[in-house]
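J.: Here you go, this is upload-v9.cif (mmCIF, C-alpha atoms).
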```
data_entry
#
loop_
_atom_site.label_atom_id
_atom_site.label_comp_id
_atom_site.auth_asym_id
_atom_site.auth_seq_id
_atom_site.Cartn_x
_atom_site.Cartn_y
_atom_site.Cartn_z
CA MET A 55 -19.10 49.94 7.10
CA ALA A 56 -21.55 48.03 4.88
CA ASN A 57 -23.02 44.60 5.38
CA LEU A 58 -22.48 42.61 2.18
CA SER A 59 -25.49 41.19 0.35
CA THR A 60 -23.29 39.12 -1.96
CA PHE A 61 -19.69 37.91 -1.73
CA PHE A 62 -17.35 35.23 -3.05
CA LEU A 63 -16.13 32.21 -1.13
CA SER A 64 -12.53 32.91 -2.13
CA ARG A 65 -12.75 36.36 -0.52
CA ILE A 66 -13.80 35.07 2.89
CA ILE A 67 -11.41 32.10 3.08
CA GLY A 68 -8.29 33.18 4.99
CA LYS A 69 -9.94 36.22 6.56
CA ARG A 70 -9.55 36.94 10.26
CA VAL A 71 -12.60 36.62 12.48
CA TYR A 72 -13.13 39.24 15.21
CA ASP A 73 -15.48 39.05 18.18
CA ALA A 74 -17.81 41.85 19.34
CA GLU A 75 -14.93 43.50 21.23
CA GLY A 76 -12.68 43.50 18.21
CA LYS A 77 -10.43 40.67 19.43
CA LYS A 78 -9.15 38.12 16.95
CA VAL A 79 -10.94 34.75 17.19
CA GLY A 80 -9.16 32.94 14.39
CA ILE A 81 -9.00 32.55 10.60
CA VAL A 82 -11.81 31.37 8.31
CA LYS A 83 -10.91 28.05 6.68
CA ASP A 84 -14.24 27.07 5.10
CA LEU A 85 -18.01 27.49 5.13
CA LEU A 86 -20.37 24.65 6.01
CA VAL A 87 -23.65 24.35 4.10
CA ASP A 88 -26.69 22.26 4.85
CA THR A 89 -27.61 19.81 2.08
CA LEU A 90 -31.23 19.63 3.22
CA THR A 91 -31.95 22.91 4.95
CA ALA A 92 -34.66 22.86 7.60
CA ASN A 93 -35.43 26.55 7.09
CA PRO A 94 -39.03 26.72 5.74
CA ASN A 95 -38.36 30.12 4.16
CA ALA A 96 -35.33 28.91 2.24
CA ASN A 97 -35.06 27.60 -1.29
CA PRO A 98 -34.17 23.90 -0.87
CA ASP A 99 -32.23 23.93 -4.17
CA LYS A 100 -29.78 26.49 -2.77
CA PRO A 101 -27.73 25.21 0.19
CA GLN A 102 -27.75 27.48 3.22
CA VAL A 103 -24.55 28.41 5.03
CA ILE A 104 -24.92 27.08 8.57
CA GLY A 105 -21.37 27.03 9.86
CA VAL A 106 -17.87 28.47 9.69
CA LYS A 107 -14.73 26.39 10.05
CA VAL A 108 -12.27 28.57 12.00
CA LYS A 109 -8.66 27.91 12.86
CA THR A 110 -8.24 29.09 16.45
CA ARG A 111 -5.47 28.85 19.02
CA LYS A 112 -7.25 25.80 20.42
CA GLY A 113 -7.48 24.09 17.03
CA ILE A 114 -10.10 23.83 14.31
CA LYS A 115 -13.62 24.75 15.40
CA VAL A 116 -16.90 24.82 13.49
CA TYR A 117 -19.15 27.62 14.72
CA SER A 118 -22.76 28.43 13.87
CA PHE A 119 -22.98 31.01 11.08
CA GLU A 120 -26.07 32.50 12.69
CA TYR A 121 -23.96 34.93 14.75
CA PHE A 122 -21.51 35.89 11.97
CA ASP A 123 -21.62 39.03 9.86
CA VAL A 124 -19.60 39.81 6.72
CA PHE A 125 -18.76 43.49 6.24
CA ARG A 126 -16.75 45.64 3.91
CA ILE A 127 -14.69 48.28 5.74
CA GLU A 128 -12.69 50.68 3.60
CA GLY A 129 -12.83 48.25 0.71
CA ARG A 130 -11.71 45.25 2.75
CA LEU A 131 -13.75 42.24 3.72
CA THR A 132 -14.18 41.83 7.48
CA VAL A 133 -15.77 38.97 9.40
CA LYS A 134 -17.31 39.62 12.79
CA CYS A 135 -18.83 37.16 15.27
CA ASN A 136 -21.16 38.22 18.09
CA ASN A 137 -21.35 34.82 19.74
CA LEU A 138 -19.30 31.63 19.38
CA VAL A 139 -21.59 28.61 19.28
CA GLU A 140 -19.98 25.32 18.24
CA LEU A 141 -21.97 22.99 16.00
CA SER A 142 -22.47 19.35 16.97
CA ASP A 143 -20.78 16.55 15.04
CA ASP A 144 -24.17 15.40 13.73
CA VAL A 145 -24.88 18.80 12.18
CA VAL A 146 -21.40 18.98 10.65
CA ASN A 147 -21.60 15.44 9.24
CA ASN A 148 -24.95 16.13 7.58
CA GLY A 149 -23.59 19.09 5.64
CA PHE A 150 -20.53 19.68 3.52
CA PHE A 151 -17.77 22.25 3.35
CA LEU A 152 -17.92 24.41 0.24
CA ALA A 153 -14.21 24.95 -0.32
CA LYS A 154 -13.26 21.34 0.37
CA MET A 155 -16.00 19.80 -1.74
CA MET A 156 -16.42 22.33 -4.54
CA LEU A 157 -13.37 24.49 -5.27
CA ASP A 158 -11.22 23.07 -8.07
CA ARG A 159 -13.59 20.11 -8.34
CA GLN A 160 -15.52 18.88 -11.34
CA ILE A 161 -19.26 19.38 -11.24
CA VAL A 162 -22.08 18.68 -13.65
CA ASP A 163 -23.57 21.62 -15.52
CA LEU A 164 -27.10 20.25 -15.87
CA ASN A 165 -28.07 22.69 -18.63
CA GLY A 166 -24.87 22.22 -20.58
CA ARG A 167 -24.88 18.49 -19.80
CA LYS A 168 -21.15 18.45 -19.23
CA LEU A 169 -18.45 18.50 -16.58
CA VAL A 170 -16.96 21.86 -15.62
CA ARG A 171 -14.40 23.04 -13.05
CA VAL A 172 -15.36 25.25 -10.11
CA ASN A 173 -13.12 28.29 -9.68
CA ASP A 174 -15.18 30.13 -7.08
CA ILE A 175 -18.61 30.26 -5.45
CA ARG A 176 -20.89 33.27 -5.19
CA LEU A 177 -22.96 33.59 -2.01
CA VAL A 178 -25.92 35.83 -1.27
CA ASP A 179 -27.19 37.14 2.05
CA ILE A 180 -30.95 37.50 1.98
CA LYS A 181 -33.80 37.39 4.44
CA GLY A 182 -33.74 33.93 5.92
CA GLY A 183 -30.00 33.35 5.72
CA THR A 184 -26.92 33.15 3.51
CA PHE A 185 -27.02 30.80 0.52
CA ALA A 186 -24.77 29.50 -2.24
CA LEU A 187 -26.18 31.29 -5.28
CA ALA A 188 -23.93 30.24 -8.17
CA VAL A 189 -20.61 28.69 -9.09
CA ASP A 190 -18.00 30.63 -11.03
CA ILE A 191 -16.44 28.55 -13.83
CA GLY A 192 -14.75 31.41 -15.67
CA ILE A 193 -11.21 32.80 -15.78
CA ASP A 194 -12.46 35.71 -13.70
CA GLY A 195 -12.98 33.37 -10.75
CA LEU A 196 -9.56 31.80 -11.16
CA LEU A 197 -7.84 35.20 -11.16
CA ARG A 198 -9.81 36.18 -8.07
CA ARG A 199 -8.61 33.06 -6.30
CA ILE A 200 -4.95 33.94 -6.82
CA ASP A 201 -5.64 37.61 -6.04
CA ILE A 202 -4.57 39.10 -9.36
CA GLU A 203 -8.03 39.87 -10.70
CA LYS A 204 -7.87 43.66 -10.36
CA PRO A 205 -4.33 44.15 -11.80
CA ILE A 206 -5.15 41.96 -14.82
CA LYS A 207 -8.44 43.73 -15.44
CA ASN A 208 -6.75 47.14 -15.16
CA VAL A 209 -4.19 46.15 -17.78
CA LEU A 210 -6.79 44.69 -20.11
CA SER A 211 -8.99 47.77 -19.79
CA ILE A 212 -6.26 49.80 -21.49
CA PHE A 213 -6.82 47.67 -24.57
CA ARG A 214 -10.58 47.71 -24.06
CA VAL A 215 -10.61 43.99 -23.39
CA SER A 216 -12.81 42.50 -20.70
CA ILE A 217 -12.97 39.08 -19.08
CA PRO A 218 -16.51 37.72 -19.30
CA ALA A 219 -17.99 36.27 -16.14
CA LYS A 220 -19.19 32.68 -16.39
CA TYR A 221 -21.60 31.53 -13.72
CA ILE A 222 -23.88 28.54 -13.31
CA LEU A 223 -26.84 29.03 -10.97
CA TRP A 224 -26.81 26.54 -8.12
CA ASP A 225 -30.14 25.10 -9.33
CA ASP A 226 -28.31 23.92 -12.47
CA VAL A 227 -25.35 22.42 -10.61
CA GLN A 228 -24.71 18.89 -9.40
CA ALA A 229 -21.64 18.31 -7.28
CA ILE A 230 -19.96 14.95 -7.70
CA ASP A 231 -17.80 13.64 -4.88
CA PHE A 232 -19.66 13.28 -1.59
CA SER A 233 -18.17 9.87 -0.88
CA SER A 234 -16.40 11.00 2.30
CA TYR A 235 -19.58 12.36 3.86
CA SER A 236 -22.24 10.46 5.81
CA ILE A 237 -25.15 11.83 3.79
CA LYS A 238 -27.70 10.08 1.60
CA LEU A 239 -26.15 10.01 -1.86
CA ALA A 240 -29.41 9.14 -3.60
CA THR A 241 -30.89 12.40 -2.31
CA VAL A 242 -27.81 14.50 -3.04
CA TYR A 243 -27.57 13.21 -6.61
CA SER A 244 -31.29 13.55 -7.32
CA LYS A 245 -30.67 16.32 -9.89
CA LEU A 246 -28.85 13.83 -12.11
CA ASN A 247 -32.14 12.02 -12.65
CA THR A 248 -33.27 14.96 -14.80
CA LEU A 249 -30.62 14.14 -17.41
CA HIS A 250 -31.15 11.81 -20.34
CA PRO A 251 -29.39 8.46 -19.71
CA SER A 252 -27.13 9.06 -22.71
CA ASP A 253 -26.01 12.47 -21.40
CA LEU A 254 -25.46 11.09 -17.91
CA ALA A 255 -23.49 8.16 -19.34
CA ASP A 256 -21.14 10.60 -21.11
CA ILE A 257 -20.66 12.58 -17.90
CA ILE A 258 -19.97 9.53 -15.74
CA GLU A 259 -17.48 8.22 -18.31
CA ASP A 260 -15.51 11.47 -18.01
CA LEU A 261 -15.16 11.08 -14.24
CA GLY A 262 -12.29 9.40 -12.45
CA LYS A 263 -12.86 5.76 -11.51
CA ALA A 264 -13.64 6.49 -7.85
CA SER A 265 -16.14 9.29 -8.58
CA ARG A 266 -17.62 7.27 -11.45
CA THR A 267 -18.39 4.39 -9.11
CA THR A 268 -19.76 6.68 -6.39
CA VAL A 269 -22.15 8.52 -8.69
CA PHE A 270 -23.33 5.40 -10.51
CA SER A 271 -23.98 3.49 -7.29
CA ALA A 272 -26.24 6.32 -6.07
CA LEU A 273 -28.64 5.91 -9.00
CA ASP A 274 -31.78 3.83 -8.59
CA GLU A 275 -31.71 0.47 -10.36
CA GLU A 276 -33.93 1.48 -13.28
CA HIS A 277 -31.94 4.62 -14.03
CA ALA A 278 -28.62 2.86 -13.48
CA ALA A 279 -29.60 0.19 -16.01
CA ASP A 280 -30.52 2.80 -18.64
CA VAL A 281 -27.24 4.66 -18.06
CA LEU A 282 -25.07 1.53 -18.09
CA GLU A 283 -26.61 0.51 -21.39
CA GLU A 284 -25.43 3.80 -22.96
CA MET A 285 -21.83 3.54 -21.77
CA GLU A 286 -18.74 2.45 -23.64
CA THR A 287 -17.57 -1.08 -22.98
CA ASP A 288 -14.49 -0.19 -20.89
CA ALA A 289 -16.58 2.01 -18.56
CA GLN A 290 -19.22 -0.73 -18.25
CA VAL A 291 -16.61 -3.30 -17.30
CA GLN A 292 -14.98 -0.98 -14.75
CA LEU A 293 -18.29 -0.34 -13.01
CA VAL A 294 -19.32 -3.99 -13.02
CA GLU A 295 -16.01 -4.96 -11.49
CA SER A 296 -16.09 -2.15 -8.90
CA LEU A 297 -19.57 -2.61 -7.46
CA PRO A 298 -20.75 -5.41 -5.16
CA VAL A 299 -22.10 -8.45 -7.00
CA ASP A 300 -25.58 -8.20 -5.47
CA LYS A 301 -25.90 -4.51 -6.34
CA MET A 302 -24.70 -5.08 -9.91
CA ALA A 303 -26.91 -8.12 -10.42
CA ASP A 304 -29.99 -6.06 -9.51
CA VAL A 305 -29.03 -3.49 -12.15
CA LEU A 306 -28.30 -6.08 -14.84
CA GLU A 307 -31.73 -7.65 -14.31
CA LYS A 308 -33.28 -4.37 -15.47
CA MET A 309 -31.34 -4.42 -18.76
CA PRO A 310 -32.10 -6.26 -22.03
CA ALA A 311 -30.56 -9.72 -21.97
CA ASP A 312 -28.48 -9.07 -25.10
CA GLU A 313 -26.89 -5.98 -23.53
CA VAL A 314 -26.06 -7.96 -20.39
CA ALA A 315 -24.55 -10.74 -22.47
CA ASP A 316 -22.29 -8.24 -24.25
CA ILE A 317 -21.01 -6.92 -20.92
CA LEU A 318 -20.47 -10.33 -19.32
CA ASP A 319 -18.66 -11.48 -22.43
CA GLU A 320 -15.94 -8.92 -21.59
CA LEU A 321 -15.48 -10.16 -18.00
CA GLU A 322 -13.44 -12.96 -16.54
CA ASP A 323 -15.45 -16.19 -16.50
CA GLU A 324 -15.45 -16.35 -12.70
CA LYS A 325 -16.86 -12.81 -12.35
CA ALA A 326 -19.48 -13.39 -15.02
CA GLU A 327 -20.59 -16.62 -13.40
CA SER A 328 -20.93 -15.01 -9.96
CA LEU A 329 -23.17 -12.32 -11.45
CA LEU A 330 -25.30 -14.87 -13.30
CA LYS A 331 -25.79 -16.86 -10.11
CA GLU A 332 -26.86 -13.71 -8.24
CA MET A 333 -29.40 -12.70 -10.90
CA GLU A 334 -32.95 -14.02 -10.90
CA ALA A 335 -33.23 -17.45 -12.55
CA GLU A 336 -35.29 -16.32 -15.56
CA SER A 337 -33.06 -13.34 -16.39
CA SER A 338 -29.93 -15.41 -15.84
CA GLN A 339 -31.13 -18.18 -18.16
CA GLU A 340 -31.86 -15.72 -20.99
CA VAL A 341 -28.35 -14.32 -20.75
CA ARG A 342 -26.75 -17.77 -20.59
CA GLU A 343 -28.52 -18.80 -23.78
CA LEU A 344 -27.26 -15.71 -25.59
CA LEU A 345 -23.70 -16.28 -24.37
CA GLU A 346 -23.72 -19.68 -26.06
CA TYR A 347 -23.95 -18.13 -29.53
CA GLU A 348 -20.81 -17.61 -31.60
CA ASP A 349 -19.65 -14.01 -31.79
CA ASP A 350 -20.28 -13.78 -35.53
CA SER A 351 -23.81 -15.21 -35.39
CA VAL A 352 -27.15 -13.42 -35.53
CA GLY A 353 -28.04 -14.82 -32.12
CA SER A 354 -25.14 -12.97 -30.52
CA ILE A 355 -26.63 -9.54 -31.28
CA MET A 356 -30.37 -10.26 -31.15
CA THR A 357 -32.59 -9.06 -28.33
CA THR A 358 -34.94 -11.47 -26.60
CA ASP A 359 -37.25 -8.65 -25.44
CA ILE A 360 -39.99 -9.21 -27.99
CA LEU A 361 -43.78 -9.12 -28.14
CA ALA A 362 -45.55 -12.16 -29.61
CA PHE A 363 -49.28 -12.88 -29.69
CA ASN A 364 -51.61 -15.71 -30.61
CA PRO A 365 -53.42 -15.13 -33.93
CA ALA A 366 -56.80 -15.70 -32.27
CA LYS A 367 -56.44 -12.66 -30.00
CA THR A 368 -58.36 -9.53 -30.87
CA VAL A 369 -56.97 -6.04 -31.37
CA GLU A 370 -58.62 -5.04 -28.10
CA ASP A 371 -56.87 -7.95 -26.30
CA VAL A 372 -53.47 -6.91 -27.62
CA ILE A 373 -53.90 -3.23 -26.76
CA ARG A 374 -55.00 -4.15 -23.25
CA GLU A 375 -51.91 -6.37 -22.84
CA LEU A 376 -49.60 -3.64 -24.15
CA ARG A 377 -51.01 -1.18 -21.63
CA THR A 378 -50.35 -3.67 -18.86
CA ARG A 379 -46.83 -4.62 -19.95
CA LYS A 380 -45.73 -1.06 -20.88
CA PRO A 381 -43.00 -2.24 -23.27
CA GLU A 382 -39.98 -0.23 -24.34
CA ALA A 383 -40.25 1.62 -27.65
CA VAL A 384 -37.87 -0.77 -29.41
CA GLU A 385 -40.14 -3.72 -28.61
CA LEU A 386 -42.89 -2.06 -30.66
CA TYR A 387 -40.88 -1.95 -33.88
CA ASN A 388 -42.57 -5.19 -34.91
CA LEU A 389 -45.21 -7.28 -33.15
CA PHE A 390 -44.95 -10.99 -33.91
CA VAL A 391 -47.52 -13.75 -34.20
CA THR A 392 -46.77 -17.27 -32.98
CA ASP A 393 -48.82 -20.47 -32.75
CA THR A 394 -49.20 -22.78 -29.77
CA LYS A 395 -45.73 -24.21 -30.44
CA GLU A 396 -44.23 -20.68 -30.40
CA GLU A 397 -43.43 -21.00 -34.10
CA LEU A 398 -43.36 -17.75 -36.07
CA VAL A 399 -46.39 -17.46 -38.37
CA GLY A 400 -46.57 -13.73 -39.05
CA PHE A 401 -46.15 -10.16 -37.84
CA PHE A 402 -48.04 -6.88 -37.65
CA THR A 403 -47.18 -3.28 -36.85
CA LEU A 404 -48.39 -0.82 -34.29
CA ARG A 405 -50.11 1.07 -37.11
CA ASP A 406 -51.99 -2.09 -38.11
CA LEU A 407 -53.19 -2.32 -34.53
CA ILE A 408 -54.28 1.30 -34.14
CA VAL A 409 -56.27 1.56 -37.39
CA SER A 410 -58.15 -1.73 -36.87
CA GLU A 411 -61.46 -2.21 -35.11
CA PRO A 412 -61.24 -3.58 -31.52
CA GLU A 413 -63.01 -6.86 -32.37
CA THR A 414 -60.68 -7.64 -35.30
CA THR A 415 -58.56 -10.74 -34.74
CA ILE A 416 -54.81 -10.67 -35.22
CA ASN A 417 -54.88 -13.29 -37.98
CA GLN A 418 -56.95 -10.81 -40.01
CA ILE A 419 -54.35 -8.04 -39.87
CA MET A 420 -51.07 -9.98 -39.69
CA LYS A 421 -48.73 -10.37 -42.63
CA GLU A 422 -47.76 -13.95 -43.33
CA GLU A 423 -44.39 -15.31 -44.44
CA PRO A 424 -42.28 -12.64 -42.70
CA ILE A 425 -38.65 -12.00 -43.57
CA PHE A 426 -36.54 -13.67 -40.89
CA LEU A 427 -33.04 -14.67 -39.86
CA TYR A 428 -31.80 -17.89 -38.30
CA ASP A 429 -30.15 -17.55 -34.89
CA ASP A 430 -27.04 -19.43 -36.05
CA GLN A 431 -26.82 -17.52 -39.31
CA GLY A 432 -23.79 -15.33 -39.98
CA ILE A 433 -24.32 -11.62 -39.43
CA ASP A 434 -22.97 -10.45 -42.79
CA ASP A 435 -26.43 -10.23 -44.40
CA ILE A 436 -28.20 -8.28 -41.65
CA ALA A 437 -27.59 -4.75 -42.92
CA GLU A 438 -28.41 -5.72 -46.50
CA ILE A 439 -31.75 -7.29 -45.50
CA ILE A 440 -32.75 -4.35 -43.29
CA SER A 441 -31.92 -1.93 -46.09
CA LYS A 442 -33.58 -3.98 -48.85
CA TYR A 443 -36.87 -4.46 -47.06
CA ASN A 444 -36.85 -1.16 -45.13
CA LEU A 445 -37.26 -2.94 -41.79
CA LEU A 446 -36.82 -1.65 -38.26
CA ALA A 447 -36.55 -5.15 -36.84
CA ILE A 448 -36.12 -8.69 -38.17
CA PRO A 449 -37.43 -11.76 -36.30
CA VAL A 450 -34.91 -14.44 -35.44
CA ILE A 451 -35.90 -18.11 -35.39
CA ASP A 452 -34.16 -21.43 -34.82
CA LYS A 453 -34.18 -24.43 -37.18
CA GLN A 454 -37.55 -25.53 -35.75
CA ASN A 455 -39.08 -22.16 -36.71
CA VAL A 456 -39.45 -21.22 -33.02
CA LEU A 457 -39.19 -17.47 -32.42
CA GLN A 458 -36.03 -16.65 -30.44
CA GLY A 459 -35.79 -12.87 -30.63
CA MET A 460 -35.20 -10.06 -33.09
CA VAL A 461 -32.41 -7.96 -34.51
CA VAL A 462 -33.22 -4.24 -34.42
CA ILE A 463 -31.81 -1.50 -36.60
CA ASP A 464 -30.48 0.31 -33.52
CA ASP A 465 -28.02 -2.51 -32.89
CA VAL A 466 -26.95 -2.57 -36.53
CA VAL A 467 -26.29 1.18 -36.52
CA GLU A 468 -24.39 0.92 -33.23
CA ASP A 469 -22.37 -1.90 -34.71
CA LEU A 470 -21.40 0.27 -37.66
CA VAL A 471 -20.60 3.33 -35.54
CA ASN A 472 -18.35 1.25 -33.31
CA LYS A 473 -16.70 -0.23 -36.42
CA ARG A 474 -17.52 -3.71 -35.30
CA ARG A 475 -18.57 -6.61 -37.48
CA THR A 476 -21.92 -6.14 -39.18
CA PHE A 477 -20.38 -5.26 -42.54
CA LYS A 478 -17.52 -7.32 -43.93
CA LYS A 479 -17.32 -5.81 -47.37
#
```
Let's see the structure in the file written out as structure tokens.

T.:
Amino acid sequence: MANLSTFFLSRIIGKRVYDAEGKKVGIVKDLLVDTLTANPNANPDKPQVIGVKVKTRKGIKVYSFEYFDVFRIEGRLTVKCNNLVELSDDVVNNGFFLAKMMLDRQIVDLNGRKLVRVNDIRLVDIKGGTFALAVDIGIDGLLRRIDIEKPIKNVLSIFRVSIPAKYILWDDVQAIDFSSYSIKLATVYSKLNTLHPSDLADIIEDLGKASRTTVFSALDEEHAADVLEEMETDAQVQLVESLPVDKMADVLEKMPADEVADILDELEDEKAESLLKEMEAESSQEVRELLEYEDDSVGSIMTTDILAFNPAKTVEDVIRELRTRKPEAVELYNLFVTDTKEELVGFFTLRDLIVSEPETTINQIMKEEPIFLYDDQGIDDIAEIISKYNLLAIPVIDKQNVLQGMVVIDDVVEDLVNKRRTFKK
């Protein structure tokens, strides 16, 4: 008889449990793990097994795993319990059952940045407890689940063919659907914050609608805004329509006004209006102004997140303001110069700023008569102008020469990739 140091979840599910006297207690139905283990000697990234769901004559019971041992006797897995101690409802509700929540479910492979299917789970018994070590996503795990692993491997060995094992360490795993459990989703999904917003957007888009909404709603507002911005239109609309108005409004406020306008333009007028009313007045007004532009106008795709400075400011003044404002990278494509009437008079680049002396005034380094677009101008010429003048961003003004925003090359490229309307050649 040997105590196992490692075993698979599929091998213990369905096994009979015997007490110290060898009497049958019941049948193992699942293992309960703690999402935030209190064991100071444990690795918090690997959930500890704290309970066993057992089908007994008196019904389903969840016992403490502390008094359970897993043995192999004559090649067969055996489960023994020295003491039956039922876990409280609070303990059970703050954990989750491995088989129920993981087997056959989609999870996020954080390294591969993709969704994969769980076929089995490998557990390890070490000093301090038993922990979920890795998930099995290979064919090997699937064959083990249906109990034909050995016969298949024996046949394949004749032809010198092997089935490669495919595991993902638990540290690199993020489970998805915890919606039926009373645990803090923001904590459970914390690993997703390590992914780039674009990668996470792709993953969330591949989920079912219910899981998509659950995962997205667990993100903090800043991260949720970045992720939503990277999503396809249909996924954006589904999320906006699924989440409470107040929650969604808080996220939209963190996004560029032009991106919000694009999303709201796809919604029913009543839904869009309710979101605009819930948003802060300043953010809401910016979006409303963009929504007034015709779809084929420059104003409809410009961003209003721009940086403009008075020509009398010094280089030191501007750098100090940039450090305070901490703008997004796209806002630094071009830095604009406006007069007291907010009319566009010039522009300068980040390079101009860095190579100049601190006491230099902006009117000394700015370039006058910048290339610009009118906000009501048709969008057909945008790509040609950007290409001709090798620009990353073009300022947009109204008929009074007042700076309204800018069109950035990112939006033009996205427009082309999505086969939208920038080119009409």

J.: Please write out, as AutoDock Vina command-line options, where the centre of an axis-aligned box around all listed atoms of region 285-300 of chain A lies and how long its edges are, in Å to one decimal, after adding 8 Å on each side.

T.:
```
--center_x -20.0 --center_y -2.5 --center_z -14.4 --size_x 27.1 --size_y 28.0 --size_z 34.5
```

J.: Point out the residue among A:Asp226, A:Asp256, A:Glu423, A:Glu411 with the least atom-to-atom distance to Phe390 (chain A), counting all atoms listed in the file.

T.: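 When distances to Phe390 (chain A) are compared using all atoms listed in the file, the smallest one comes from A:Glu423.
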
J.: Could you spell out the hits of the PyMOL selection byres ((chain A and resi 141-158) around 6) on the shown file, as a count of residues only?

T.: 15

J.: Of the residues A:Met356, A:Leu177, A:Leu329, A:Leu138, which is the one nearest to Pro298 (chain A), using all atoms listed in the file?

T.: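 Closest to Pro298 (chain A), using all atoms listed in the file: A:Leu329.
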
J.: Which residue gives the smallest distance to Val462 (chain A) among A:Phe213, A:Ile419, A:Leu398, A:Tyr387, with only C-alpha atoms counted?

T.: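 Counting only C-alpha atoms, the residue closest to Val462 (chain A) is A:Tyr387.
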
J.: Ranking A:Met302, A:Ile81, A:Val461, A:Ile433 by minimum distance to Ile114 (chain A) and counting only C-alpha atoms, which one comes first?

T.: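 Under the stated criterion, the closest residue is A:Ile81.
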
J.: Find the spatial neighbours of Tyr443 (chain A), counting only C-alpha atoms, within a cut-off of 10 Å - ignore same-chain residues fewer than 5 positions away - and output them as a PyMOL selection string.

T.: chain A and resi 425+438+448

J.: Between CA of Leu282 (chain A) and CA of Ala255 (chain A), what is the spacing in Å?

T.: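 Interatomic distance, CA of Ala255 (chain A) to CA of Leu282 (chain A): 6.9 Å.
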
J.: Using the chain letters and numbering of this document, enumerate as a PyMOL selection string the residues selected by the PyMOL selection byres ((chain A and resi 304-317) around 9).

T.: chain A and resi 274-280+282-283+287+290-291+294+299-303+318-321+326+329+332-334+337-338+340-342+344-345+354-359

J.: Quick one: apply the PyMOL selection byres ((chain A and resi 217) around 9) to the file and drop the selected residues here as a short mmCIF file (atom, residue, chain, number, x, y, z; two decimals) with C-alpha atoms, keeping the file's coordinate frame.

T.:
```
data_model
loop_
_atom_site.label_atom_id
_atom_site.label_comp_id
_atom_site.auth_asym_id
_atom_site.auth_seq_id
_atom_site.Cartn_x
_atom_site.Cartn_y
_atom_site.Cartn_z
CA GLY A 192 -14.75 31.41 -15.67
CA ILE A 193 -11.21 32.80 -15.78
CA ASP A 194 -12.46 35.71 -13.70
CA LYS A 207 -8.44 43.73 -15.44
CA LEU A 210 -6.79 44.69 -20.11
CA VAL A 215 -10.61 43.99 -23.39
CA SER A 216 -12.81 42.50 -20.70
CA PRO A 218 -16.51 37.72 -19.30
CA ALA A 219 -17.99 36.27 -16.14
#
```

J.: Could you check how far CA of Glu284 (chain A) sits from CA of Ala229 (chain A), in Å to one decimal?

T.: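 Taking CA of Glu284 (chain A) and CA of Ala229 (chain A), their separation equals 21.7 Å.
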
J.: Between A:Val352, A:Cys135, A:Val103, A:Ile439, single out the one closest to Ile180 (chain A), counting all atoms listed in the file.

T.: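 The answer is A:Val103, which sits nearest to Ile180 (chain A).
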
J.: What separation in Å, quoted to one decimal, exists between CA of Glu385 (chain A) and CA of Thr415 (chain A)?

T.: 20.6 Å

J.: Using all atoms listed in the file, can you tell me which of A:Ser410, A:Ser351, A:Thr394, A:Thr378 comes closest to Asp430 (chain A)?

T.: A:Ser351

J.: Within 10 Å of Gln418 (chain A), counting only C-alpha atoms, which residues show up once you throw out same-chain ones fewer than 5 positions away? Write them as an NGL selection string, please.

T.: :A and (365-366 or 368-369 or 410)

J.: Place a sphere of radius 7 Å on (-26.7, 28.7, 3.7) in the file coordinates and name every protein, DNA or RNA residue with an atom inside or on its surface, counting all atoms listed in the file; give the answer as a PyMOL selection string.

T.: chain A and resi 87-88+101-104+183-186

J.: Put those residues in a file: C-alpha atoms, as a short mmCIF file (atom, residue, chain, number, x, y, z; two decimals), in the frame of the given file.

T.:
```
data_model
loop_
_atom_site.label_atom_id
_atom_site.label_comp_id
_atom_site.auth_asym_id
_atom_site.auth_seq_id
_atom_site.Cartn_x
_atom_site.Cartn_y
_atom_site.Cartn_z
CA VAL A 87 -23.65 24.35 4.10
CA ASP A 88 -26.69 22.26 4.85
CA PRO A 101 -27.73 25.21 0.19
CA GLN A 102 -27.75 27.48 3.22
CA VAL A 103 -24.55 28.41 5.03
CA ILE A 104 -24.92 27.08 8.57
CA GLY A 183 -30.00 33.35 5.72
CA THR A 184 -26.92 33.15 3.51
CA PHE A 185 -27.02 30.80 0.52
CA ALA A 186 -24.77 29.50 -2.24
#
```
